[in-house]
>>> print(open('protein_1.cif').read())   # mmCIF, C-alpha atoms (C1' of nucleotides)
data_entry
loop_
_atom_site.group_PDB
_atom_site.id
_atom_site.type_symbol
_atom_site.label_atom_id
_atom_site.label_comp_id
_atom_site.auth_asym_id
_atom_site.auth_seq_id
_atom_site.Cartn_x
_atom_site.Cartn_y
_atom_site.Cartn_z
ATOM 1 C CA MET R 203 0.000 0.000 0.000
ATOM 2 C CA LYS R 204 1.267 3.415 -0.866
ATOM 3 C CA GLU R 205 2.140 5.788 1.941
ATOM 4 C CA ILE R 206 -0.609 8.150 1.013
ATOM 5 C CA ASP R 207 -3.229 5.412 1.190
ATOM 6 C CA CYS R 208 -1.779 4.395 4.510
ATOM 7 C CA ALA R 209 -2.333 7.890 5.834
ATOM 8 C CA ILE R 210 -5.863 8.031 4.442
ATOM 9 C CA SER R 211 -6.936 4.770 6.004
ATOM 10 C CA ALA R 212 -5.311 5.698 9.307
ATOM 11 C CA LEU R 213 -7.381 8.875 9.348
ATOM 12 C CA ARG R 214 -10.564 7.043 8.316
ATOM 13 C CA SER R 215 -10.069 4.505 11.091
ATOM 14 C CA LYS R 216 -10.252 7.353 13.580
ATOM 15 C CA ASN R 217 -13.254 8.949 11.896
ATOM 16 C CA ILE R 218 -11.226 11.915 10.750
ATOM 17 C CA ARG R 219 -12.103 13.162 7.321
ATOM 18 C CA PRO R 220 -8.999 12.817 5.146
ATOM 19 C CA SER R 221 -8.475 16.331 3.902
ATOM 20 C CA ILE R 222 -5.452 17.294 1.887
ATOM 21 C CA ALA R 223 -3.698 18.998 4.803
ATOM 22 C CA ARG R 224 -4.314 16.087 7.160
ATOM 23 C CA ILE R 225 -3.143 13.479 4.674
ATOM 24 C CA LYS R 226 0.022 15.346 3.775
ATOM 25 C CA ILE R 227 0.916 16.140 7.363
ATOM 26 C CA LEU R 228 0.427 12.571 8.540
ATOM 27 C CA GLU R 229 2.325 11.236 5.543
ATOM 28 C CA TYR R 230 5.164 13.654 6.220
ATOM 29 C CA LEU R 231 5.278 12.737 9.897
ATOM 30 C CA SER R 232 5.321 9.048 9.096
ATOM 31 C CA HIS R 233 8.387 9.062 6.929
ATOM 32 C CA THR R 234 10.543 11.416 8.916
ATOM 33 C CA THR R 235 12.436 10.650 12.099
ATOM 34 C CA ALA R 236 13.309 14.272 12.736
ATOM 35 C CA HIS R 237 10.504 14.922 15.240
ATOM 36 C CA PRO R 238 9.583 18.141 13.539
ATOM 37 C CA THR R 239 8.035 21.211 15.113
ATOM 38 C CA VAL R 240 5.014 22.964 13.651
ATOM 39 C CA GLU R 241 7.410 25.426 12.062
ATOM 40 C CA VAL R 242 9.301 22.636 10.297
ATOM 41 C CA ILE R 243 6.178 20.797 9.161
ATOM 42 C CA TYR R 244 4.777 24.023 7.796
ATOM 43 C CA HIS R 245 7.830 24.900 5.757
ATOM 44 C CA SER R 246 8.310 21.380 4.494
ATOM 45 C CA LEU R 247 4.805 21.180 3.112
ATOM 46 C CA LEU R 248 4.522 24.732 1.826
ATOM 47 C CA PRO R 249 6.029 23.943 -1.617
ATOM 48 C CA GLU R 250 3.489 21.151 -2.027
ATOM 49 C CA ILE R 251 0.521 23.046 -0.561
ATOM 50 C CA PRO R 252 1.186 26.744 -1.188
ATOM 51 C CA THR R 253 -2.051 27.793 0.509
ATOM 52 C CA LEU R 254 -1.197 26.033 3.769
ATOM 53 C CA SER R 255 -1.317 28.140 6.898
ATOM 54 C CA LYS R 256 0.371 27.554 10.234
ATOM 55 C CA ALA R 257 -2.959 27.665 12.035
ATOM 56 C CA THR R 258 -4.037 24.635 10.016
ATOM 57 C CA VAL R 259 -0.880 22.774 10.994
ATOM 58 C CA TYR R 260 -1.536 23.580 14.657
ATOM 59 C CA LYS R 261 -5.159 22.488 14.405
ATOM 60 C CA THR R 262 -4.267 19.315 12.519
ATOM 61 C CA MET R 263 -1.548 18.388 15.001
ATOM 62 C CA SER R 264 -3.869 18.650 18.014
ATOM 63 C CA LEU R 265 -6.341 16.520 16.109
ATOM 64 C CA LEU R 266 -3.759 13.850 15.316
ATOM 65 C CA VAL R 267 -2.435 13.793 18.869
ATOM 66 C CA GLU R 268 -5.938 13.519 20.277
ATOM 67 C CA ALA R 269 -6.688 10.659 17.904
ATOM 68 C CA GLY R 270 -3.489 8.885 18.879
ATOM 69 C CA LEU R 271 -1.983 9.080 15.412
ATOM 70 C CA ALA R 272 0.882 11.260 16.575
ATOM 71 C CA ARG R 273 2.455 12.030 19.876
ATOM 72 C CA LEU R 274 3.748 15.146 21.444
ATOM 73 C CA LEU R 275 7.249 14.927 22.837
ATOM 74 C CA TYR R 276 7.630 16.670 26.192
ATOM 75 C CA GLY R 277 4.672 18.001 28.079
ATOM 76 C CA GLU R 278 1.191 19.054 27.222
ATOM 77 C CA ASP R 279 1.826 22.717 27.491
ATOM 78 C CA CYS R 280 4.726 24.698 26.178
ATOM 79 C CA GLU R 281 5.544 26.081 29.595
ATOM 80 C CA ALA R 282 8.846 25.076 31.100
ATOM 81 C CA HIS R 283 8.637 23.118 34.353
ATOM 82 C CA TYR R 284 11.595 23.101 36.713
ATOM 83 C CA ASP R 285 12.833 20.692 39.309
ATOM 84 C CA ALA R 286 15.653 20.992 41.821
ATOM 85 C CA ASN R 287 15.866 17.221 42.327
ATOM 86 C CA ILE R 288 18.854 16.436 40.158
ATOM 87 C CA SER R 289 19.012 12.689 40.794
ATOM 88 C CA ASP R 290 17.614 10.379 38.129
ATOM 89 C CA HIS R 291 13.937 9.940 38.724
ATOM 90 C CA GLY R 292 10.754 9.749 36.744
ATOM 91 C CA HIS R 293 7.923 12.201 36.317
ATOM 92 C CA PHE R 294 4.290 11.343 35.981
ATOM 93 C CA GLN R 295 1.838 13.904 34.696
ATOM 94 C CA CYS R 296 -1.867 13.398 35.191
ATOM 95 C CA THR R 297 -3.706 14.312 32.013
ATOM 96 C CA ARG R 298 -6.820 15.252 33.968
ATOM 97 C CA CYS R 299 -5.559 17.586 36.652
ATOM 98 C CA GLY R 300 -2.138 18.388 35.217
ATOM 99 C CA ARG R 301 -0.333 17.621 38.461
ATOM 100 C CA ILE R 302 3.171 16.244 38.181
ATOM 101 C CA TYR R 303 4.398 13.497 40.500
ATOM 102 C CA ASP R 304 7.882 12.097 41.034
ATOM 103 C CA PHE R 305 8.574 8.412 41.102
ATOM 104 C CA THR R 306 11.651 6.317 41.638
ATOM 105 C CA VAL R 307 13.097 4.440 38.747
ATOM 106 C CA ASP R 308 16.285 2.546 38.129
ATOM 107 C CA LEU R 309 17.640 3.978 34.921
ATOM 108 C CA ASP R 310 21.044 2.340 35.158
ATOM 109 C CA ASN R 311 19.750 -1.067 34.258
ATOM 110 C CA LEU R 312 17.694 0.198 31.391
ATOM 111 C CA GLU R 313 18.503 -1.583 28.171
ATOM 112 C CA ALA R 314 18.799 0.875 25.328
ATOM 113 C CA GLU R 315 19.656 -0.039 21.765
ATOM 114 C CA GLY R 316 20.812 2.439 19.203
ATOM 115 C CA LEU R 317 22.854 4.716 21.424
ATOM 116 C CA GLU R 318 26.265 3.385 20.512
ATOM 117 C CA GLY R 319 28.615 6.331 20.160
ATOM 118 C CA PHE R 320 26.393 8.720 22.072
ATOM 119 C CA THR R 321 27.418 10.427 25.294
ATOM 120 C CA VAL R 322 24.407 10.533 27.577
ATOM 121 C CA VAL R 323 24.514 13.359 30.076
ATOM 122 C CA GLU R 324 20.990 13.397 31.375
ATOM 123 C CA LYS R 325 18.174 10.891 31.562
ATOM 124 C CA ASN R 326 14.545 11.833 31.874
ATOM 125 C CA ILE R 327 11.599 9.566 32.034
ATOM 126 C CA PHE R 328 8.136 10.886 31.652
ATOM 127 C CA PHE R 329 4.846 9.035 32.005
ATOM 128 C CA ARG R 330 1.347 10.282 31.468
ATOM 129 C CA GLY R 331 -1.984 8.945 32.608
ATOM 130 C CA ALA R 332 -4.409 9.343 35.478
ATOM 131 C CA CYS R 333 -3.437 9.861 39.112
ATOM 132 C CA PRO R 334 -5.187 8.204 42.108
ATOM 133 C CA ARG R 335 -6.712 11.473 43.205
ATOM 134 C CA CYS R 336 -8.496 11.851 39.847
ATOM 135 C CA LEU R 337 -9.313 8.146 39.562
ATOM 136 C CA SER R 338 -11.214 8.217 42.854
ATOM 137 C CA ASP R 339 -13.483 11.059 41.735
ATOM 138 C CA MET X 24 21.861 23.369 58.406
ATOM 139 C CA LYS X 25 18.943 25.619 57.622
ATOM 140 C CA GLU X 26 17.454 25.455 54.148
ATOM 141 C CA ILE X 27 18.500 28.981 53.383
ATOM 142 C CA ASP X 28 22.126 28.236 54.209
ATOM 143 C CA CYS X 29 21.871 25.132 52.084
ATOM 144 C CA ALA X 30 20.808 27.244 49.136
ATOM 145 C CA ILE X 31 23.548 29.783 49.744
ATOM 146 C CA SER X 32 26.317 27.222 49.882
ATOM 147 C CA ALA X 33 24.945 25.439 46.824
ATOM 148 C CA LEU X 34 25.136 28.703 44.916
ATOM 149 C CA ARG X 35 28.610 29.501 46.256
ATOM 150 C CA SER X 36 29.869 26.070 45.213
ATOM 151 C CA LYS X 37 28.980 26.964 41.633
ATOM 152 C CA ASN X 38 30.499 30.433 41.868
ATOM 153 C CA ILE X 39 27.128 32.088 41.653
ATOM 154 C CA ARG X 40 26.763 35.106 43.844
ATOM 155 C CA PRO X 41 23.945 34.406 46.296
ATOM 156 C CA SER X 42 21.560 37.260 45.697
ATOM 157 C CA ILE X 43 18.194 37.434 47.383
ATOM 158 C CA ALA X 44 16.263 36.310 44.286
ATOM 159 C CA ARG X 45 18.599 33.392 43.636
ATOM 160 C CA ILE X 46 18.533 32.169 47.220
ATOM 161 C CA LYS X 47 14.776 32.375 47.518
ATOM 162 C CA ILE X 48 14.131 30.705 44.177
ATOM 163 C CA LEU X 49 16.506 27.831 44.881
ATOM 164 C CA GLU X 50 15.103 27.415 48.365
ATOM 165 C CA TYR X 51 11.577 27.379 46.994
ATOM 166 C CA LEU X 52 12.488 24.851 44.312
ATOM 167 C CA SER X 53 14.163 22.593 46.833
ATOM 168 C CA HIS X 54 11.216 22.140 49.119
ATOM 169 C CA THR X 55 8.490 21.751 46.538
ATOM 170 C CA THR X 56 7.716 18.690 44.467
ATOM 171 C CA ALA X 57 5.265 20.510 42.259
ATOM 172 C CA HIS X 58 7.698 21.128 39.400
ATOM 173 C CA PRO X 59 6.644 24.722 39.124
ATOM 174 C CA THR X 60 6.661 26.900 36.050
ATOM 175 C CA VAL X 61 8.144 30.395 35.992
ATOM 176 C CA GLU X 62 4.639 31.735 36.490
ATOM 177 C CA VAL X 63 4.158 29.664 39.644
ATOM 178 C CA ILE X 64 7.571 30.476 41.083
ATOM 179 C CA TYR X 65 6.963 34.146 40.455
ATOM 180 C CA HIS X 66 3.611 34.247 42.216
ATOM 181 C CA SER X 67 4.788 32.131 45.121
ATOM 182 C CA LEU X 68 7.674 34.445 45.895
ATOM 183 C CA LEU X 69 5.936 37.730 45.193
ATOM 184 C CA PRO X 70 4.545 38.118 48.753
ATOM 185 C CA GLU X 71 8.044 37.633 50.126
ATOM 186 C CA ILE X 72 9.838 39.731 47.502
ATOM 187 C CA PRO X 73 7.333 42.318 46.288
ATOM 188 C CA THR X 74 9.796 43.860 43.858
ATOM 189 C CA LEU X 75 10.457 40.570 42.078
ATOM 190 C CA SER X 76 9.959 40.565 38.318
ATOM 191 C CA LYS X 77 9.298 37.668 35.989
ATOM 192 C CA ALA X 78 12.354 38.542 33.926
ATOM 193 C CA THR X 79 14.488 37.927 36.995
ATOM 194 C CA VAL X 80 12.874 34.532 37.518
ATOM 195 C CA TYR X 81 13.560 33.625 33.895
ATOM 196 C CA LYS X 82 17.163 34.790 34.142
ATOM 197 C CA THR X 83 17.722 33.019 37.447
ATOM 198 C CA MET X 84 16.229 29.776 36.176
ATOM 199 C CA SER X 85 18.530 29.634 33.134
ATOM 200 C CA LEU X 86 21.427 30.290 35.468
ATOM 201 C CA LEU X 87 20.430 27.497 37.843
ATOM 202 C CA VAL X 88 19.856 25.034 35.009
ATOM 203 C CA GLU X 89 23.182 25.899 33.438
ATOM 204 C CA ALA X 90 24.901 25.409 36.789
ATOM 205 C CA GLY X 91 23.193 22.057 37.284
ATOM 206 C CA LEU X 92 21.301 23.164 40.373
ATOM 207 C CA ALA X 93 17.933 22.708 38.703
ATOM 208 C CA ARG X 94 16.696 20.834 35.731
ATOM 209 C CA LEU X 95 14.235 21.607 33.027
ATOM 210 C CA LEU X 96 11.571 18.985 32.458
ATOM 211 C CA TYR X 97 10.911 18.282 28.793
ATOM 212 C CA GLY X 98 13.074 19.801 26.096
ATOM 213 C CA GLU X 99 15.358 22.746 25.823
ATOM 214 C CA ASP X 100 12.983 24.893 23.867
ATOM 215 C CA CYS X 101 9.318 25.414 24.459
ATOM 216 C CA GLU X 102 8.434 24.363 20.943
ATOM 217 C CA ALA X 103 6.333 21.238 20.611
ATOM 218 C CA HIS X 104 7.981 18.363 18.739
ATOM 219 C CA TYR X 105 5.807 15.719 17.145
ATOM 220 C CA ASP X 106 6.321 12.101 16.275
ATOM 221 C CA ALA X 107 4.122 9.654 14.380
ATOM 222 C CA ASN X 108 5.898 6.647 15.859
ATOM 223 C CA ILE X 109 3.435 5.672 18.552
ATOM 224 C CA SER X 110 5.305 2.625 19.867
ATOM 225 C CA ASP X 111 7.290 2.986 23.059
ATOM 226 C CA HIS X 112 10.727 4.249 22.238
ATOM 227 C CA GLY X 113 13.252 6.681 23.574
ATOM 228 C CA HIS X 114 14.361 10.050 22.336
ATOM 229 C CA PHE X 115 17.832 11.443 22.508
ATOM 230 C CA GLN X 116 18.449 15.134 22.002
ATOM 231 C CA CYS X 117 21.914 16.406 21.272
ATOM 232 C CA THR X 118 22.576 19.527 23.305
ATOM 233 C CA ARG X 119 25.020 20.824 20.705
ATOM 234 C CA CYS X 120 23.148 20.518 17.426
ATOM 235 C CA GLY X 121 19.631 20.071 18.788
ATOM 236 C CA ARG X 122 18.948 17.020 16.625
ATOM 237 C CA ILE X 123 16.620 14.400 18.060
ATOM 238 C CA TYR X 124 17.307 10.700 17.588
ATOM 239 C CA ASP X 125 15.137 7.676 18.330
ATOM 240 C CA PHE X 126 16.410 4.684 20.188
ATOM 241 C CA THR X 127 14.920 1.383 21.196
ATOM 242 C CA VAL X 128 14.206 0.744 24.810
ATOM 243 C CA ASP X 129 12.338 -1.888 26.731
ATOM 244 C CA LEU X 130 9.992 0.043 28.960
ATOM 245 C CA ASP X 131 7.933 -2.934 30.067
ATOM 246 C CA ASN X 132 10.634 -4.287 32.321
ATOM 247 C CA LEU X 133 11.361 -0.935 33.853
ATOM 248 C CA GLU X 134 11.097 -1.022 37.606
ATOM 249 C CA ALA X 135 9.200 1.958 38.901
ATOM 250 C CA GLU X 136 8.413 2.640 42.538
ATOM 251 C CA GLY X 137 5.813 5.067 43.682
ATOM 252 C CA LEU X 138 3.242 4.573 40.950
ATOM 253 C CA GLU X 139 0.880 2.341 42.882
ATOM 254 C CA GLY X 140 -2.649 3.431 42.081
ATOM 255 C CA PHE X 141 -1.677 5.308 38.945
ATOM 256 C CA THR X 142 -2.946 4.416 35.480
ATOM 257 C CA VAL X 143 -0.112 4.884 33.041
ATOM 258 C CA VAL X 144 -1.256 5.620 29.522
ATOM 259 C CA GLU X 145 1.919 6.767 27.869
ATOM 260 C CA LYS X 146 5.600 6.307 28.546
ATOM 261 C CA ASN X 147 8.264 8.645 27.279
ATOM 262 C CA ILE X 148 11.943 8.446 27.831
ATOM 263 C CA PHE X 149 14.168 11.317 26.999
ATOM 264 C CA PHE X 150 17.946 11.482 27.132
ATOM 265 C CA ARG X 151 20.225 14.396 26.468
ATOM 266 C CA GLY X 152 23.906 14.571 25.677
ATOM 267 C CA ALA X 153 26.180 14.662 22.660
ATOM 268 C CA CYS X 154 25.610 12.760 19.419
ATOM 269 C CA PRO X 155 28.373 11.006 17.417
ATOM 270 C CA ARG X 156 28.174 13.564 14.654
ATOM 271 C CA CYS X 157 29.023 16.379 17.071
ATOM 272 C CA LEU X 158 31.543 14.305 19.018
ATOM 273 C CA SER X 159 33.592 13.698 15.872
ATOM 274 C CA ASP X 160 33.918 17.397 15.104
ATOM 275 C "C1'" DT M 263 -27.895 22.588 2.017
ATOM 276 C "C1'" DT M 264 -25.563 22.002 5.876
ATOM 277 C "C1'" DT M 265 -21.525 20.746 7.905
ATOM 278 C "C1'" DC M 266 -16.558 20.739 7.996
ATOM 279 C "C1'" DG M 267 -11.856 22.286 6.827
ATOM 280 C "C1'" DT M 268 -9.115 26.050 5.750
ATOM 281 C "C1'" DG M 269 -6.659 30.494 5.851
ATOM 282 C "C1'" DC M 270 -6.213 34.949 7.419
ATOM 283 C "C1'" DA M 271 -5.557 38.124 11.011
ATOM 284 C "C1'" DA M 272 -5.958 39.372 15.615
ATOM 285 C "C1'" DA M 273 -5.397 37.899 20.343
ATOM 286 C "C1'" DT M 274 -3.060 35.479 23.913
ATOM 287 C "C1'" DT M 275 0.708 33.466 26.207
ATOM 288 C "C1'" DA M 276 5.603 32.409 26.980
ATOM 289 C "C1'" DT M 277 10.115 34.018 26.768
ATOM 290 C "C1'" DT M 278 14.026 37.166 25.769
ATOM 291 C "C1'" DT M 279 16.320 41.450 25.484
ATOM 292 C "C1'" DG M 280 17.920 46.317 26.242
ATOM 293 C "C1'" DC M 281 18.585 49.582 29.301
ATOM 294 C "C1'" DA M 282 18.598 52.282 33.438
ATOM 295 C "C1'" DC M 283 19.019 52.001 38.344
ATOM 296 C "C1'" DT M 284 20.937 50.266 42.475
ATOM 297 C "C1'" DC M 285 23.592 47.641 45.496
ATOM 298 C "C1'" DC M 286 27.327 45.512 47.230
ATOM 299 C "C1'" DC M 287 32.855 44.375 46.780
ATOM 300 C "C1'" DG K 162 33.682 53.450 41.067
ATOM 301 C "C1'" DG K 163 32.684 49.428 38.656
ATOM 302 C "C1'" DG K 164 30.798 45.077 37.743
ATOM 303 C "C1'" DA K 165 26.804 42.428 38.846
ATOM 304 C "C1'" DG K 166 21.884 41.783 39.809
ATOM 305 C "C1'" DT K 167 17.424 43.568 39.248
ATOM 306 C "C1'" DG K 168 13.089 45.436 37.283
ATOM 307 C "C1'" DC K 169 10.597 47.551 33.839
ATOM 308 C "C1'" DA K 170 8.926 47.743 29.301
ATOM 309 C "C1'" DA K 171 9.362 46.620 24.682
ATOM 310 C "C1'" DA K 172 10.406 42.965 21.437
ATOM 311 C "C1'" DT K 173 10.098 38.245 19.850
ATOM 312 C "C1'" DA K 174 8.287 33.748 19.470
ATOM 313 C "C1'" DA K 175 4.820 30.182 19.979
ATOM 314 C "C1'" DT K 176 0.190 29.085 20.062
ATOM 315 C "C1'" DT K 177 -4.867 29.839 20.012
ATOM 316 C "C1'" DT K 178 -9.042 31.848 18.503
ATOM 317 C "C1'" DG K 179 -12.830 34.042 15.681
ATOM 318 C "C1'" DC K 180 -14.602 34.430 11.554
ATOM 319 C "C1'" DA K 181 -15.766 34.099 6.697
ATOM 320 C "C1'" DC K 182 -15.249 31.586 2.572
ATOM 321 C "C1'" DG K 183 -15.214 27.523 -0.185
ATOM 322 C "C1'" DA K 184 -15.420 22.460 -0.677
ATOM 323 C "C1'" DA K 185 -17.355 18.089 0.361
ATOM 324 C "C1'" DA K 186 -21.028 14.927 2.143
#
>>> encode(input="protein_1.cif", output="structure tokens")
Amino acid sequence: MKEIDCAISALRSKNIRPSIARIKILEYLSHTTAHPTVEVIYHSLLPEIPTLSKATVYKTMSLLVEAGLARLLYGEDCEAHYDANISDHGHFQCTRCGRIYDFTVDLDNLEAEGLEGFTVVEKNIFFRGACPRCLSD
Amino acid sequence: MKEIDCAISALRSKNIRPSIARIKILEYLSHTTAHPTVEVIYHSLLPEIPTLSKATVYKTMSLLVEAGLARLLYGEDCEAHYDANISDHGHFQCTRCGRIYDFTVDLDNLEAEGLEGFTVVEKNIFFRGACPRCLSD
DNA sequence: TTTCGTGCAAATTATTTGCACTCCC
DNA sequence: GGGAGTGCAAATAATTTGCACGAAA
């Protein structure tokens, strides 16, 4: 199956109408490993879709993330969150209330493939889901 | 040792002059687990330091992160990065060139403590350091 | 025909910067 | 006095929103 048909059926399976912008964006996302920003997606597709606007890319990306066809690296919001606990530990963000919790994790024994030749300085682990406080409501 | 002295000596050890804003921000960061944003830090300290400005909080936070006294959750920039690869995998960002690489990781066997009662929907792992391309320069 | 997707522009929010003022060494 | 830290306001950057038009069901 061609990539474009792949994108179309992926959209259909989520009940998202396969418009030109949606198809092209999903197709572009699928064959790149560059983890592009909205800016990058916009400029990459502009030659192909000269009428494309950034607002459409933003709207399409939220749609795709909500449908589970794409994921957002880092947090939900674009605000920077800080932490003075420098030791390796994990963060859990509740998608309902937005609260962030720490948890303990052993990152030394983590098996990672594909990092040969890389110097790792910092390890972050980030989970999302629902916290007990919200689950009990 | 009192918390405030803790903060002062931490700053001194990094050759950062312990000004009132820096001490208070570091102290605040150290005894909270809420992973505050600049906005939150600013409003929490405003009663204590009525002359505080957000610009100072921003400047102080970059300083603390650079010195290794605090860490920034999520990426370096506040731009959202997207990925159509939904399977669990890790991301590595090179702090020199900014490129993001994927790597394979087995998150199922990860031992996490402190997540009893949580429903985990999504797992992200995020490393930072230097990539081979930059290391060979 | 009615709903949905798009594009523009304006609004909002997050962050950075330039500069003047002040406060210690 | 001079460099450093701060605060204000303006500038920039990222993202969201409102609205009108055109295309598709």
>>> closest_atom_pairs(input="protein_1.cif", of="chain K", to="segment 215-234 of chain R", cutoff="12 Å", atoms="only C-alpha atoms (C1' of nucleotides)", output="tab-separated table")
residue	atom	partner	partner_atom	distance
K:DA184	C1'	R:Ser221	CA	10.3
K:DA185	C1'	R:Ser221	CA	9.7
K:DA186	C1'	R:Arg219	CA	10.5
>>> residues_around(input="protein_1.cif", residues="Ile64 of chain X", least_positions_apart="4", cutoff="10 Å", atoms="only C-alpha atoms (C1' of nucleotides)", output="ChimeraX atom specification")
/R:284 /X:47-48,51-52,58-60,68-69,77,80-81,84
>>> write_last_selection(input="protein_1.cif", atoms="C-alpha atoms", output="compact mmCIF listing (two decimals), in the frame of the given file")
# COMPACT_ATOMS: atom_id res chain seq x y z
CA TYR R 284 11.60 23.10 36.71
CA LYS X 47 14.78 32.38 47.52
CA ILE X 48 14.13 30.70 44.18
CA TYR X 51 11.58 27.38 46.99
CA LEU X 52 12.49 24.85 44.31
CA HIS X 58 7.70 21.13 39.40
CA PRO X 59 6.64 24.72 39.12
CA THR X 60 6.66 26.90 36.05
CA LEU X 68 7.67 34.44 45.90
CA LEU X 69 5.94 37.73 45.19
CA LYS X 77 9.30 37.67 35.99
CA VAL X 80 12.87 34.53 37.52
CA TYR X 81 13.56 33.62 33.90
CA MET X 84 16.23 29.78 36.18
>>> interface_residues(input="protein_1.cif", of="chain K", to="chain X", cutoff="12 Å", atoms="only C-alpha atoms (C1' of nucleotides)", output="NGL selection string")
:K and (165-170 or 174-176)
>>> atom_distance(input="protein_1.cif", atom1="atom CA of Glu318 of chain R", atom2="atom CA of Leu96 of chain X")
24.5 Å
>>> closest_atom_pairs(input="protein_1.cif", of="chain M", to="chain R", cutoff="12 Å", atoms="all atoms listed in the file", output="JSON lines")
{"residue": "M:DC266", "atom": "C1'", "partner": "R:Arg219", "partner_atom": "CA", "distance": 8.8}
{"residue": "M:DG267", "atom": "C1'", "partner": "R:Ser221", "partner_atom": "CA", "distance": 7.4}
{"residue": "M:DT268", "atom": "C1'", "partner": "R:Thr258", "partner_atom": "CA", "distance": 6.8}
{"residue": "M:DG269", "atom": "C1'", "partner": "R:Ser255", "partner_atom": "CA", "distance": 5.9}
{"residue": "M:DC270", "atom": "C1'", "partner": "R:Ser255", "partner_atom": "CA", "distance": 8.4}
{"residue": "M:DA271", "atom": "C1'", "partner": "R:Ala257", "partner_atom": "CA", "distance": 10.8}
{"residue": "M:DT275", "atom": "C1'", "partner": "R:Glu281", "partner_atom": "CA", "distance": 9.5}
{"residue": "M:DA276", "atom": "C1'", "partner": "R:Glu281", "partner_atom": "CA", "distance": 6.8}
{"residue": "M:DT277", "atom": "C1'", "partner": "R:Glu281", "partner_atom": "CA", "distance": 9.6}
>>> resolve_selection(input="protein_1.cif", expression="the PyMOL selection byres ((chain R) within 8 of (chain X))", output="ChimeraX atom specification")
/R:228,231-232,235-240,270-277,280-288,301-308,312-317,319-334
>>> axis_aligned_box(input="protein_1.cif", around="segment 168-182 of chain K", padding_each_side="8 Å", output="lines of an AutoDock Vina configuration file")
center_x = -1.3
center_y = 38.4
center_z = 19.9
size_x = 44.9
size_y = 34.7
size_z = 50.7
>>> resolve_selection(input="protein_1.cif", expression="the PyMOL selection byres ((chain M and resi 273) around 9)", output="list in words")
DA272 and DT274 of chain M; DT177 and DT178 of chain K
>>> atom_distance(input="protein_1.cif", atom1="atom C1' of DG280 of chain M", atom2="atom CA of Ser85 of chain X")
18.1 Å
>>> atom_distance(input="protein_1.cif", atom1="atom CA of Asp160 of chain X", atom2="atom CA of Ala90 of chain X")
24.8 Å
